[in-house]
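With mmCIF, C-alpha atoms inside, this is query-v7.cif:
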```cif
data_work
loop_
_atom_site.label_atom_id
_atom_site.label_comp_id
_atom_site.auth_asym_id
_atom_site.auth_seq_id
_atom_site.Cartn_x
_atom_site.Cartn_y
_atom_site.Cartn_z
CA MET A 1 -1.21 10.84 -46.41
CA LYS A 2 -2.63 14.23 -45.69
CA TYR A 3 -4.85 12.98 -42.88
CA VAL A 4 -4.78 10.21 -40.29
CA GLN A 5 -7.56 8.89 -38.10
CA SER A 6 -7.49 10.10 -34.52
CA THR A 7 -8.70 7.93 -31.62
CA ASN A 8 -12.15 9.56 -31.68
CA ASP A 9 -12.53 8.80 -35.43
CA ASN A 10 -12.33 12.47 -36.44
CA PRO A 11 -9.86 13.14 -39.27
CA VAL A 12 -6.92 15.20 -38.05
CA LYS A 13 -4.22 16.64 -40.28
CA VAL A 14 -0.75 15.25 -39.62
CA THR A 15 1.57 17.78 -37.96
CA VAL A 16 5.27 17.97 -38.81
CA LEU A 17 7.58 20.16 -36.75
CA LEU A 18 10.54 21.69 -38.59
CA VAL A 19 13.49 22.71 -36.41
CA ASP A 20 16.34 24.78 -37.88
CA ASP A 21 17.85 28.14 -36.93
CA THR A 22 18.28 29.13 -40.58
CA SER A 23 15.13 30.57 -42.13
CA ALA A 24 16.16 29.66 -45.68
CA ASN A 25 16.38 25.97 -44.75
CA ILE A 26 12.98 26.15 -43.06
CA GLU A 27 11.45 27.74 -46.16
CA VAL A 28 12.71 24.94 -48.40
CA LEU A 29 11.32 22.18 -46.16
CA ASP A 30 8.08 24.07 -45.65
CA SER A 31 7.52 24.33 -49.41
CA VAL A 32 8.09 20.58 -49.75
CA LEU A 33 5.82 19.45 -46.91
CA SER A 34 3.11 22.08 -46.41
CA PRO A 35 0.96 20.89 -49.33
CA GLU A 36 0.37 17.60 -47.48
CA TYR A 37 0.94 18.33 -43.81
CA CYS A 38 0.32 20.88 -41.12
CA VAL A 39 3.76 22.39 -40.63
CA LYS A 40 4.98 23.99 -37.40
CA ILE A 41 8.28 25.84 -37.17
CA ALA A 42 10.88 26.23 -34.44
CA LEU A 43 13.99 28.38 -34.97
CA SER A 44 15.76 27.05 -31.86
CA GLY A 45 16.14 23.87 -29.86
CA GLU A 46 14.44 25.41 -26.85
CA ARG A 47 11.38 26.37 -28.91
CA ALA A 48 11.32 22.90 -30.46
CA LEU A 49 10.99 21.30 -27.03
CA GLU A 50 8.13 23.65 -26.14
CA LEU A 51 6.22 22.80 -29.32
CA ALA A 52 6.93 19.09 -28.92
CA GLU A 53 5.09 19.11 -25.58
CA SER A 54 2.24 21.34 -26.75
CA HIS A 55 -1.16 19.98 -27.73
CA PRO A 56 -1.64 18.59 -30.22
CA ARG A 57 1.87 17.19 -30.23
CA PRO A 58 3.65 16.91 -33.57
CA ASP A 59 3.46 13.55 -35.31
CA MET A 60 7.03 13.94 -36.59
CA ILE A 61 10.04 16.22 -36.10
CA LEU A 62 12.58 17.16 -38.77
CA LEU A 63 15.59 18.37 -36.81
CA ASP A 64 18.80 20.16 -37.77
CA ILE A 65 21.93 19.31 -35.80
CA THR A 66 24.06 22.45 -35.99
CA MET A 67 22.16 25.26 -34.30
CA LYS A 68 23.10 28.13 -32.02
CA GLY A 69 22.50 27.43 -28.35
CA MET A 70 20.98 23.99 -27.96
CA ASP A 71 22.05 21.76 -30.85
CA GLY A 72 20.05 18.94 -32.39
CA TYR A 73 21.83 16.25 -30.42
CA GLU A 74 20.76 17.82 -27.14
CA VAL A 75 17.22 18.33 -28.44
CA ILE A 76 16.79 14.65 -29.26
CA ARG A 77 18.35 13.61 -25.93
CA ARG A 78 15.70 15.65 -24.11
CA LEU A 79 12.93 14.36 -26.35
CA GLN A 80 13.99 10.79 -25.62
CA ALA A 81 14.16 11.47 -21.87
CA ASN A 82 10.63 12.86 -21.73
CA PRO A 83 7.82 10.24 -21.55
CA ALA A 84 5.52 12.70 -23.32
CA THR A 85 7.76 13.01 -26.40
CA VAL A 86 9.87 9.84 -26.45
CA ASN A 87 7.78 8.18 -29.15
CA ILE A 88 7.71 11.08 -31.62
CA PRO A 89 9.78 10.02 -34.66
CA VAL A 90 12.71 12.35 -35.38
CA ILE A 91 14.49 12.68 -38.72
CA PHE A 92 17.76 14.56 -38.72
CA VAL A 93 18.06 16.95 -41.69
CA THR A 94 21.59 18.31 -41.63
CA GLY A 95 24.67 19.31 -43.54
CA LYS A 96 26.79 16.93 -41.44
CA SER A 97 27.26 14.12 -43.94
CA GLY A 98 29.96 11.96 -42.37
CA VAL A 99 29.29 8.32 -41.55
CA SER A 100 30.17 8.95 -37.90
CA ASP A 101 27.66 11.84 -37.82
CA GLU A 102 24.93 9.60 -39.17
CA GLU A 103 25.81 6.82 -36.72
CA LYS A 104 25.66 9.25 -33.81
CA GLY A 105 22.30 10.66 -34.89
CA LEU A 106 20.72 7.24 -35.26
CA SER A 107 22.22 6.01 -31.98
CA LEU A 108 20.54 8.90 -30.15
CA GLY A 109 17.12 7.72 -31.34
CA ALA A 110 16.53 9.30 -34.76
CA VAL A 111 14.55 7.13 -37.16
CA ASP A 112 16.30 8.49 -40.25
CA TYR A 113 19.06 10.84 -41.43
CA ILE A 114 18.78 13.15 -44.48
CA THR A 115 21.70 15.29 -45.64
CA LYS A 116 21.53 18.77 -47.14
CA PRO A 117 21.01 19.95 -49.76
CA ILE A 118 17.77 17.98 -49.64
CA SER A 119 16.03 16.16 -52.46
CA PRO A 120 12.29 16.97 -52.20
CA PRO A 121 11.14 13.52 -53.43
CA ILE A 122 13.38 11.81 -50.88
CA VAL A 123 12.13 14.03 -48.06
CA ARG A 124 8.50 13.37 -48.97
CA ALA A 125 9.08 9.63 -49.27
CA ARG A 126 10.99 9.33 -45.98
CA VAL A 127 8.42 11.39 -44.09
CA LYS A 128 5.54 9.36 -45.53
CA THR A 129 7.24 6.05 -44.70
CA HIS A 130 8.06 6.92 -41.11
CA LEU A 131 4.66 8.44 -40.44
CA ALA A 132 3.07 5.21 -41.67
CA LEU A 133 5.27 3.21 -39.31
CA TYR A 134 4.50 5.61 -36.47
CA ASN A 135 0.76 5.25 -37.02
CA GLN A 136 1.07 1.47 -37.15
CA ASN A 137 3.00 1.48 -33.87
CA ARG A 138 0.43 3.76 -32.23
CA GLU A 139 -2.43 1.54 -33.35
CA LEU A 140 -0.61 -1.56 -32.12
CA GLU A 141 0.07 0.12 -28.78
CA ARG A 142 -3.59 1.11 -28.51
CA LYS A 143 -4.70 -2.47 -29.15
CA VAL A 144 -2.17 -3.87 -26.68
CA ASN A 145 -3.26 -1.39 -24.01
CA LYS A 146 -6.90 -2.21 -24.64
CA ARG A 147 -6.24 -5.94 -24.40
CA THR A 148 -4.12 -5.48 -21.28
CA GLN A 149 -6.93 -3.52 -19.65
CA GLN A 150 -9.45 -6.20 -20.62
CA LEU A 151 -7.24 -8.89 -19.07
CA LYS A 152 -6.81 -6.82 -15.91
CA GLU A 153 -10.56 -6.31 -15.62
CA SER A 154 -11.17 -10.02 -16.17
CA LYS A 155 -8.71 -10.94 -13.42
CA LEU A 156 -10.34 -8.51 -11.02
CA GLU A 157 -13.77 -9.90 -11.86
CA VAL A 158 -12.53 -13.41 -11.10
CA ILE A 159 -11.10 -12.23 -7.78
CA SER A 160 -14.41 -10.58 -6.88
CA CYS A 161 -16.39 -13.68 -7.88
CA LEU A 162 -14.18 -15.95 -5.77
CA GLY A 163 -14.66 -13.66 -2.79
CA ARG A 164 -18.42 -13.76 -3.25
CA ALA A 165 -18.31 -17.55 -3.68
CA ALA A 166 -16.76 -17.93 -0.24
CA GLU A 167 -19.47 -15.72 1.27
CA PHE A 168 -22.28 -17.81 -0.20
CA LYS A 169 -21.70 -20.41 2.50
CA ASP A 170 -23.10 -18.13 5.20
CA ASN A 171 -24.54 -15.23 3.18
CA GLU A 172 -26.72 -16.44 0.34
CA THR A 173 -26.51 -13.29 -1.77
CA GLY A 174 -22.76 -12.73 -1.43
CA MET A 175 -23.46 -9.00 -1.15
CA HIS A 176 -21.37 -8.66 2.02
CA VAL A 177 -18.09 -8.61 0.11
CA ILE A 178 -19.41 -5.97 -2.28
CA ARG A 179 -20.54 -3.66 0.51
CA MET A 180 -17.47 -4.03 2.69
CA SER A 181 -15.18 -3.49 -0.31
CA TYR A 182 -16.91 -0.22 -1.02
CA TYR A 183 -16.77 0.74 2.66
CA SER A 184 -13.02 0.05 2.65
CA ARG A 185 -12.47 2.20 -0.42
CA ILE A 186 -14.49 5.07 1.04
CA ILE A 187 -12.45 5.01 4.27
CA ALA A 188 -9.15 4.77 2.37
CA GLU A 189 -10.09 7.68 0.11
CA SER A 190 -10.49 9.88 3.17
CA LEU A 191 -6.85 9.23 4.18
CA ASN A 192 -5.15 11.04 1.28
CA ILE A 193 -3.63 7.81 -0.01
CA SER A 194 -2.71 7.26 -3.67
CA SER A 195 -5.65 6.30 -5.88
CA GLN A 196 -3.69 3.25 -7.10
CA TRP A 197 -3.43 1.90 -3.54
CA VAL A 198 -7.12 2.64 -2.89
CA ASP A 199 -8.16 0.76 -6.04
CA MET A 200 -5.97 -2.18 -5.08
CA LEU A 201 -7.56 -2.29 -1.61
CA TYR A 202 -11.03 -2.22 -3.15
CA ASN A 203 -10.19 -5.10 -5.47
CA ALA A 204 -8.38 -7.16 -2.82
CA ALA A 205 -10.93 -6.76 0.00
CA PRO A 206 -13.46 -9.29 -1.40
CA MET A 207 -10.95 -12.07 -0.71
CA HIS A 208 -10.67 -11.33 3.02
CA ASP A 209 -12.55 -14.47 4.08
CA ILE A 210 -11.77 -16.77 1.14
CA GLY A 211 -10.50 -19.33 3.68
CA LYS A 212 -14.09 -19.94 4.81
CA ILE A 213 -14.43 -22.45 2.02
CA GLY A 214 -12.35 -24.79 4.21
CA ILE A 215 -14.59 -24.49 7.29
CA PRO A 216 -17.19 -27.25 7.84
CA ASP A 217 -20.80 -26.11 7.44
CA CYS A 218 -21.69 -27.47 10.86
CA ILE A 219 -19.47 -24.77 12.35
CA LEU A 220 -19.87 -22.00 9.82
CA LEU A 221 -23.68 -22.24 9.83
CA LYS A 222 -24.20 -23.09 13.48
CA PRO A 223 -27.22 -21.10 14.76
CA GLY A 224 -25.60 -20.05 17.98
CA LYS A 225 -22.38 -19.18 19.75
CA LEU A 226 -19.39 -21.36 18.97
CA ASN A 227 -17.67 -23.21 21.79
CA THR A 228 -13.90 -22.99 22.27
CA GLU A 229 -13.08 -25.98 20.08
CA GLU A 230 -15.39 -24.78 17.32
CA MET A 231 -13.94 -21.30 17.50
CA ASP A 232 -10.44 -22.71 17.07
CA VAL A 233 -11.63 -24.44 13.90
CA MET A 234 -13.30 -21.23 12.68
CA LYS A 235 -10.06 -19.29 13.17
CA MET A 236 -8.38 -21.69 10.75
CA HIS A 237 -10.06 -19.84 7.89
CA VAL A 238 -7.28 -17.26 8.18
CA GLU A 239 -4.61 -19.89 7.63
CA TYR A 240 -6.58 -21.39 4.74
CA GLY A 241 -6.95 -17.97 3.14
CA VAL A 242 -3.22 -17.28 3.40
CA GLU A 243 -2.47 -20.64 1.78
CA ILE A 244 -4.93 -19.97 -1.05
CA LEU A 245 -3.65 -16.47 -1.74
CA GLY A 246 0.06 -16.97 -1.05
CA GLY A 247 2.85 -17.16 -3.61
CA HIS A 248 1.34 -15.00 -6.34
CA GLU A 249 3.14 -12.12 -8.08
CA SER A 250 -0.06 -10.13 -8.55
CA GLU A 251 -0.03 -7.04 -6.32
CA VAL A 252 -3.77 -7.38 -5.78
CA LEU A 253 -3.44 -10.97 -4.57
CA GLN A 254 -0.48 -10.03 -2.39
CA MET A 255 -2.62 -7.36 -0.71
CA ALA A 256 -5.51 -9.83 -0.48
CA LYS A 257 -3.19 -12.22 1.38
CA VAL A 258 -2.21 -9.46 3.82
CA ILE A 259 -5.87 -8.62 4.42
CA ALA A 260 -6.86 -12.26 4.88
CA GLU A 261 -4.10 -12.70 7.45
CA THR A 262 -4.58 -9.48 9.44
CA HIS A 263 -8.20 -8.31 9.36
CA HIS A 264 -8.95 -10.25 12.56
CA GLU A 265 -6.07 -8.62 14.43
CA LYS A 266 -7.09 -6.04 17.05
CA PHE A 267 -5.47 -2.72 17.78
CA ASP A 268 -4.77 -3.66 21.41
CA GLY A 269 -3.09 -6.94 20.46
CA SER A 270 -5.92 -9.25 21.50
CA GLY A 271 -6.77 -10.39 17.97
CA TYR A 272 -5.62 -13.37 15.94
CA PRO A 273 -3.68 -15.10 14.45
CA ASN A 274 -0.50 -13.24 15.49
CA GLY A 275 -1.60 -10.81 18.21
CA LEU A 276 -0.26 -7.78 16.32
CA VAL A 277 -0.55 -4.41 18.08
CA GLY A 278 -1.41 -0.95 16.74
CA GLU A 279 0.24 0.09 13.50
CA ASP A 280 2.11 -3.22 13.32
CA ILE A 281 -1.16 -4.35 11.77
CA PRO A 282 -0.98 -3.40 8.07
CA LEU A 283 -3.18 -0.47 7.10
CA ALA A 284 -5.22 -2.60 4.68
CA GLY A 285 -6.04 -5.04 7.48
CA ARG A 286 -7.01 -2.23 9.86
CA ILE A 287 -9.35 -0.66 7.32
CA VAL A 288 -10.99 -3.95 6.35
CA ALA A 289 -11.47 -4.85 10.03
CA ILE A 290 -13.84 -1.90 10.48
CA SER A 291 -15.64 -2.44 7.16
CA ASP A 292 -16.05 -6.17 7.74
CA VAL A 293 -17.33 -5.90 11.31
CA PHE A 294 -19.74 -3.05 10.57
CA ASP A 295 -21.34 -4.90 7.67
CA ALA A 296 -21.40 -8.21 9.55
CA LEU A 297 -23.14 -6.56 12.50
CA THR A 298 -25.78 -4.92 10.31
CA SER A 299 -26.46 -8.08 8.26
CA THR A 300 -28.53 -11.15 9.08
CA ARG A 301 -26.62 -14.39 9.57
CA PRO A 302 -27.76 -17.94 10.43
CA TYR A 303 -26.61 -17.34 14.02
CA LYS A 304 -27.93 -13.78 14.55
CA LYS A 305 -30.29 -11.02 13.50
CA ALA A 306 -29.06 -7.79 11.95
CA TRP A 307 -28.23 -4.99 14.38
CA ASP A 308 -29.69 -1.56 13.80
CA ILE A 309 -27.30 1.10 12.47
CA ASP A 310 -26.99 3.14 15.67
CA LYS A 311 -26.10 0.08 17.76
CA ALA A 312 -23.48 -1.03 15.23
CA VAL A 313 -21.94 2.46 15.00
CA THR A 314 -21.75 2.63 18.80
CA PHE A 315 -19.98 -0.74 18.83
CA ILE A 316 -17.38 0.57 16.36
CA GLU A 317 -16.89 3.77 18.36
CA GLU A 318 -16.49 1.89 21.64
CA GLY A 319 -13.94 -0.38 19.97
CA ALA A 320 -11.62 2.53 19.08
CA GLY A 321 -8.18 1.85 20.56
CA LYS A 322 -9.18 -1.68 21.52
CA HIS A 323 -10.49 -3.55 18.50
CA PHE A 324 -10.02 -0.80 15.93
CA ASP A 325 -7.52 1.88 14.95
CA PRO A 326 -8.97 5.06 16.57
CA HIS A 327 -7.86 7.26 13.66
CA LEU A 328 -9.67 5.00 11.22
CA VAL A 329 -12.74 4.95 13.44
CA ASN A 330 -12.87 8.75 13.13
CA SER A 331 -12.60 8.39 9.36
CA PHE A 332 -15.38 5.80 9.39
CA ILE A 333 -17.69 8.14 11.31
CA GLN A 334 -16.93 11.03 8.96
CA CYS A 335 -17.66 8.80 5.97
CA LEU A 336 -20.80 7.25 7.45
CA PRO A 337 -23.29 8.98 5.09
CA LYS A 338 -21.48 7.56 2.05
CA ILE A 339 -21.19 4.16 3.71
CA LEU A 340 -24.92 4.06 4.45
CA ASP A 341 -25.67 5.00 0.85
CA ILE A 342 -23.69 1.95 -0.26
CA LYS A 343 -25.44 -0.23 2.30
CA ASN A 344 -28.86 0.84 1.01
CA HIS A 345 -27.86 0.50 -2.63
CA TYR A 346 -26.41 -3.00 -2.22
CA GLY A 347 -28.90 -4.34 0.28
CA GLU A 348 -29.79 -8.02 0.60
CA VAL A 349 -32.33 -9.29 -1.91
#
```
Once more with this new file: its structure as structure tokens, please.
Amino acid sequence: MKYVQSTNDNPVKVTVLLVDDTSANIEVLDSVLSPEYCVKIALSGERALELAESHPRPDMILLDITMKGMDGYEVIRRLQANPATVNIPVIFVTGKSGVSDEEKGLSLGAVDYITKPISPPIVRARVKTHLALYNQNRELERKVNKRTQQLKESKLEVISCLGRAAEFKDNETGMHVIRMSYYSRIIAESLNISSQWVDMLYNAAPMHDIGKIGIPDCILLKPGKLNTEEMDVMKMHVEYGVEILGGHESEVLQMAKVIAETHHEKFDGSGYPNGLVGEDIPLAGRIVAISDVFDALTSTRPYKKAWDIDKAVTFIEEGAGKHFDPHLVNSFIQCLPKILDIKNHYGEV
């Protein structure tokens, strides 16, 4: 087992870190293992921790317990507490041969316990066995992570498709939800918000009008202004969207519910359904409000022609402090070149 396969399919020699403050002990272990493995040496616990975090990290650590300064128990505690080193298998190689010593070492996270003086065949066999298990665990973890990512991507694709499906009722290409999702991400990225939150916003935004599937076509596709009664029916799409998206544990769907419920709120409190004011409107709803209105204005609908860009931008600017969060309007204006690139790239076909 001189070599293992790395993730990029290039053969990489297995690295074993030997930790002992007695040079003679190191020399014995080195002579046993160096013919098969790349051996690194640490003569103190402090140095062992440094090498354990270096790149490439060791594939295994053989660790003495009784050392000057930081002993082996403290070394393994710190290895176990560090996400970067917690999975490196550690074998204690020590002169402490009592049952209680072995129990303590294993309870701290060691995978095995070898007493001195060592038997070279036993050392080689134990190292080989635990490296094989370590590689199996790493491969299993890689497969699980890959499958988890595939499932996550599939869920997000379904969410996006459902959002587009709702838009097909009044926008035959469904491109509106793609554009406004990108607009929302661009605006959010300008706010110095965590990338995880930005990605979640991008993936949740397509569901903002999912409740439209419950609105009769005679109202949704009416080629003209809605009367009061018809507008009341149209506003019900918010309630329908909340019902569709509510009650899920998924963080993306939870954010989608918030967006569906609040993207028609207005900064001055004149929006619906709850008349929220200012920053009482969740940030996701405030961002999507700008993205949704700008793209709706600049897109053709059964009841209107597309506005030109300058007219739509002026409408957004004039709505600052009334319809829209003025701070986000400034961000929108600053991001306008990127937003227009998206609009051109994902135009109607």
Original post:
Could you work out how far CA of Asp101 in chain A lies from CA of Lys40 in chain A, giving the answer in Å with one decimal?
Top reply: 25.7 Å
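Closest approach to Tyr37 in chain A among A:Asn203, A:Gln254, A:Ser194, A:Thr15 is made by A:Thr15 (distances from all atoms listed in the file).
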**OP:** Determine the residue membership of the PyMOL selection byres ((chain A and resi 307-322) around 7) for the file above and supply it as a list in words.
**Re:**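 Selection result, ordered by chain and number: Lys266, Phe267, Asp268, Phe294, Leu297, Thr298, Lys305, Ala306, His323, Phe324, Asp325, Pro326 and Val329 of chain A.
The shortest atom-to-atom distance to His55 in chain A, with only C-alpha atoms taken into account, belongs to A:Thr85 out of A:Ser119, A:Thr228, A:Thr85, A:Asn344.
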Original post:
What separation in Å, quoted to one decimal, exists between CA of Pro117 in chain A and CA of Ser44 in chain A?
Top reply: 20.0 Å
**OP:** Translate the PyMOL selection byres ((chain A and resi 199) around 12), as applied to the file shown, into an explicit residue set as a ChimeraX atom specification.
**Re:** /A:156,181-182,184-189,193-198,200-205,251-252,255,284
**OP:** Can you work out the spacing between CA of Val19 in chain A and CA of Leu63 in chain A in Å, to one decimal?
**Re:**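 Result for CA of Val19 in chain A versus CA of Leu63 in chain A: 4.8 Å, one decimal.
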**OP:** List the residues selected by the PyMOL selection byres ((chain A and resi 332) around 9) in the file shown, writing them as JSON, numbers by chain.
**Re:** {"A": [183, 186, 187, 190, 290, 291, 316, 327, 328, 329, 330, 331, 333, 334, 335, 336, 339]}
Original post:
Of the candidates A:Tyr303, A:Tyr134, A:Tyr73, A:Phe92, which one gets nearest to Leu108 in chain A if we count all atoms listed in the file?
Top reply: A:Tyr73
